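**Student:** Next up is a structure, given as structure tokens.
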Amino acid sequence: MTVSDPLQDLRSYLSESATITADAQLRNYVKTTSLTLEGDARPIKVGLDQAEAYLGQQVGLTKWLSLCQKRMNRFADAVGDYQFLHIDRARTARETCYDGTIAHGLMVMSLIPTFATHASLKINGTKQTIIYGMDRIRFLNPVRIGSRIRGRFTLVSAEERSAEEILLRHSVTIEIENEEKPALITDWIVLAVL
């Protein structure tokens with residue numbers, strides 16, 4: 001398994017993010033890394049010719065991330081979704097089968113790009129990665145506030161669309177700690193621009 005060099009990763013990240021200041025680039029990189037990297041794990045970076053060897057294999061697993069009420073409230077403010085299930089613990093416990101608030105499903109889904117930063121397979125020489133879409137998303141299990149989740153990425157395909165574009169598809173499972181059933185599953189599709 002090819003593992004990337006952390007110092008080279010940082011240099012690449014900084015050079016690829018030329019539109020923001022170096023301090024802001026470094027801060028963003030460190031924040032994302034602290035949210036996603038498990039131990040000494042590093043993203044797998046390979047050439048397109050080597051990507052085929054990873055088809056059907058797990059290529060990344062993030063560390064556990066706690067979901068707190070403050071994060072849910074900020075998400076509710078950002079998107080205007082004030083459904084009581086997400087923000088009112090007492091009412092949710094009183095009127096539903098849950099003993100407290102649950103995370104917005106779309107908020108859990110919105111963490112996939114953050115998790116993908118270090119848990120998805122990377123193609124060497126990529127200048128930009130563009131989110132192309134998601135297929136077959138299914139919300140399978142609510143995430144109770146206070147739970148921890150993580151992302152598990154398996155490479156499904158790596159397709160050369162042109163000399164400058166590689167379409168990568170990962171199967172993503174967002175797991176809930178101590179739960180057999182995951183929060184969600186989907187196919188995460190990104191376009192790597194070389």
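To be explicit about the labels: the chains of the structure tokens are called A, B, and onward in the order shown, and within each one the residues are counted from 1, while ligands get numbers from 1 in the order they are shown.
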Write out as a VMD selection string all residues of stretch 7-193 of chain A that backbone DSSP assigns to alpha helix (DSSP H).
**Tutor:** chain A and resid 7 to 16 22 to 36 48 to 51 69 to 79 84 to 87 89 to 95 105 to 110 112 to 119
**Student:** So that I can check the surroundings of A:Ile131, please list as JSON, numbers by chain every protein, DNA and RNA residue that reaches within 9 Å of it, counting only C-alpha atoms and ignoring chain neighbours fewer than 2 positions away.
**Tutor:** {"A": [113, 129, 133, 134, 188, 189, 190, 191, 192]}
**Student:** So that I can check the surroundings of stretch 171-175 of chain A, please list as number ranges by chain every protein, DNA and RNA residue that reaches within 10 Å of it, counting only C-alpha atoms and ignoring chain neighbours fewer than 6 positions away.
**Tutor:** A: 56-58, 60-62, 64, 108-109, 111-112, 115-116, 119-120, 134-141, 143, 148-157, 181-189
**Student:** So how far away is atom CA of A:Ala76 from atom CA of A:Asp99, in Å?
**Tutor:**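 Computing the Euclidean distance for atom CA of A:Asp99 and atom CA of A:Ala76 yields 19.7 Å.
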**Student:** Write down as number ranges by chain the residues belonging to stretch 89-157 of chain A that are assigned strand (DSSP E) by DSSP computed on the backbone.
**Tutor:** A: 122-123, 128-139, 148-157
**Student:** Selected residues, N, CA and C atoms, written as a PDB file, in the first residue's frame, please.
**Tutor:**
ATOM      1  N   LYS A 122      -6.219   9.097  -3.536  1.00  0.00           N
ATOM      2  CA  LYS A 122      -5.805  10.282  -4.299  1.00  0.00           C
ATOM      3  C   LYS A 122      -4.974   9.839  -5.495  1.00  0.00           C
ATOM      4  N   ILE A 123      -5.089  10.593  -6.582  1.00  0.00           N
ATOM      5  CA  ILE A 123      -4.300  10.338  -7.782  1.00  0.00           C
ATOM      6  C   ILE A 123      -3.136  11.324  -7.804  1.00  0.00           C
ATOM      7  N   GLN A 128      -6.606  19.738  -8.808  1.00  0.00           N
ATOM      8  CA  GLN A 128      -7.869  20.135  -8.197  1.00  0.00           C
ATOM      9  C   GLN A 128      -8.790  18.930  -8.149  1.00  0.00           C
ATOM     10  N   THR A 129      -9.537  18.822  -7.066  1.00  0.00           N
ATOM     11  CA  THR A 129     -10.553  17.780  -6.946  1.00  0.00           C
ATOM     12  C   THR A 129     -11.910  18.464  -6.870  1.00  0.00           C
ATOM     13  N   ILE A 130     -12.814  18.051  -7.735  1.00  0.00           N
ATOM     14  CA  ILE A 130     -14.143  18.659  -7.813  1.00  0.00           C
ATOM     15  C   ILE A 130     -15.177  17.610  -7.415  1.00  0.00           C
ATOM     16  N   ILE A 131     -16.074  17.980  -6.510  1.00  0.00           N
ATOM     17  CA  ILE A 131     -17.155  17.065  -6.144  1.00  0.00           C
ATOM     18  C   ILE A 131     -18.067  16.934  -7.352  1.00  0.00           C
ATOM     19  N   TYR A 132     -18.225  15.717  -7.826  1.00  0.00           N
ATOM     20  CA  TYR A 132     -19.024  15.429  -9.013  1.00  0.00           C
ATOM     21  C   TYR A 132     -20.446  15.022  -8.632  1.00  0.00           C
ATOM     22  N   GLY A 133     -20.579  14.374  -7.471  1.00  0.00           N
ATOM     23  CA  GLY A 133     -21.914  13.996  -7.011  1.00  0.00           C
ATOM     24  C   GLY A 133     -21.897  12.825  -6.059  1.00  0.00           C
ATOM     25  N   MET A 134     -23.112  12.379  -5.729  1.00  0.00           N
ATOM     26  CA  MET A 134     -23.311  11.194  -4.899  1.00  0.00           C
ATOM     27  C   MET A 134     -24.427  10.385  -5.533  1.00  0.00           C
ATOM     28  N   ASP A 135     -24.314   9.093  -5.438  1.00  0.00           N
ATOM     29  CA  ASP A 135     -25.353   8.189  -5.943  1.00  0.00           C
ATOM     30  C   ASP A 135     -25.823   7.299  -4.815  1.00  0.00           C
ATOM     31  N   ARG A 136     -27.080   6.933  -4.886  1.00  0.00           N
ATOM     32  CA  ARG A 136     -27.681   5.932  -4.009  1.00  0.00           C
ATOM     33  C   ARG A 136     -27.489   6.234  -2.518  1.00  0.00           C
ATOM     34  N   ILE A 137     -27.677   7.469  -2.126  1.00  0.00           N
ATOM     35  CA  ILE A 137     -27.546   7.780  -0.700  1.00  0.00           C
ATOM     36  C   ILE A 137     -28.745   7.222   0.056  1.00  0.00           C
ATOM     37  N   ARG A 138     -28.433   6.595   1.172  1.00  0.00           N
ATOM     38  CA  ARG A 138     -29.476   6.039   2.032  1.00  0.00           C
ATOM     39  C   ARG A 138     -29.157   6.394   3.473  1.00  0.00           C
ATOM     40  N   PHE A 139     -30.154   6.972   4.158  1.00  0.00           N
ATOM     41  CA  PHE A 139     -30.032   7.290   5.582  1.00  0.00           C
ATOM     42  C   PHE A 139     -30.619   6.101   6.345  1.00  0.00           C
ATOM     43  N   ARG A 148     -20.650   9.315  18.321  1.00  0.00           N
ATOM     44  CA  ARG A 148     -19.469   9.557  17.478  1.00  0.00           C
ATOM     45  C   ARG A 148     -19.631   8.805  16.165  1.00  0.00           C
ATOM     46  N   ILE A 149     -19.203   9.446  15.081  1.00  0.00           N
ATOM     47  CA  ILE A 149     -19.292   8.840  13.758  1.00  0.00           C
ATOM     48  C   ILE A 149     -17.916   8.853  13.094  1.00  0.00           C
ATOM     49  N   ARG A 150     -17.765   8.016  12.071  1.00  0.00           N
ATOM     50  CA  ARG A 150     -16.546   8.031  11.271  1.00  0.00           C
ATOM     51  C   ARG A 150     -16.899   7.595   9.856  1.00  0.00           C
ATOM     52  N   GLY A 151     -15.986   7.890   8.921  1.00  0.00           N
ATOM     53  CA  GLY A 151     -16.199   7.531   7.528  1.00  0.00           C
ATOM     54  C   GLY A 151     -15.285   6.406   7.089  1.00  0.00           C
ATOM     55  N   ARG A 152     -15.847   5.449   6.365  1.00  0.00           N
ATOM     56  CA  ARG A 152     -15.094   4.322   5.806  1.00  0.00           C
ATOM     57  C   ARG A 152     -15.239   4.404   4.283  1.00  0.00           C
ATOM     58  N   PHE A 153     -14.101   4.427   3.568  1.00  0.00           N
ATOM     59  CA  PHE A 153     -14.088   4.627   2.112  1.00  0.00           C
ATOM     60  C   PHE A 153     -13.505   3.403   1.414  1.00  0.00           C
ATOM     61  N   THR A 154     -14.226   2.909   0.409  1.00  0.00           N
ATOM     62  CA  THR A 154     -13.781   1.801  -0.427  1.00  0.00           C
ATOM     63  C   THR A 154     -13.792   2.274  -1.869  1.00  0.00           C
ATOM     64  N   LEU A 155     -12.711   2.053  -2.587  1.00  0.00           N
ATOM     65  CA  LEU A 155     -12.639   2.478  -3.983  1.00  0.00           C
ATOM     66  C   LEU A 155     -13.478   1.553  -4.855  1.00  0.00           C
ATOM     67  N   VAL A 156     -14.413   2.130  -5.603  1.00  0.00           N
ATOM     68  CA  VAL A 156     -15.283   1.372  -6.493  1.00  0.00           C
ATOM     69  C   VAL A 156     -14.774   1.432  -7.934  1.00  0.00           C
ATOM     70  N   SER A 157     -14.348   2.634  -8.361  1.00  0.00           N
ATOM     71  CA  SER A 157     -13.832   2.761  -9.728  1.00  0.00           C
ATOM     72  C   SER A 157     -12.928   3.976  -9.847  1.00  0.00           C
TER      73      SER A 157
END
**Student:** State, in Å with one decimal place, the distance from atom CA of A:Glu159 to atom CA of A:Gln50.
**Tutor:**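 A separation of 12.1 Å between them.
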**Student:** Report as a ChimeraX atom specification all protein, DNA and RNA residues lying within 10 Å of A:Gln69, evaluated on only C-alpha atoms, omitting residues in the same chain fewer than 6 positions from it.
**Tutor:** /A:75,86-89,101-103,144-146
**Student:** Have a look at A:Met107, A:Ala51, A:Ile166, A:Arg94 and name the one nearest to A:Asp77; count only C-alpha atoms.
**Tutor:** A:Met107
**Student:** May I ask which of the residues A:Gly80, A:Gly125, A:Gly47, A:Gly100 is the closest one to A:Ser147, counting only C-alpha atoms?
**Tutor:**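 Checking each of A:Gly80, A:Gly125, A:Gly47, A:Gly100 against A:Ser147, counting only C-alpha atoms, the winner is A:Gly100.
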**Student:** Between atom CA of A:Leu194 and atom CA of A:His118, what is the spacing in Å?
**Tutor:**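 A separation of 18.5 Å between them.
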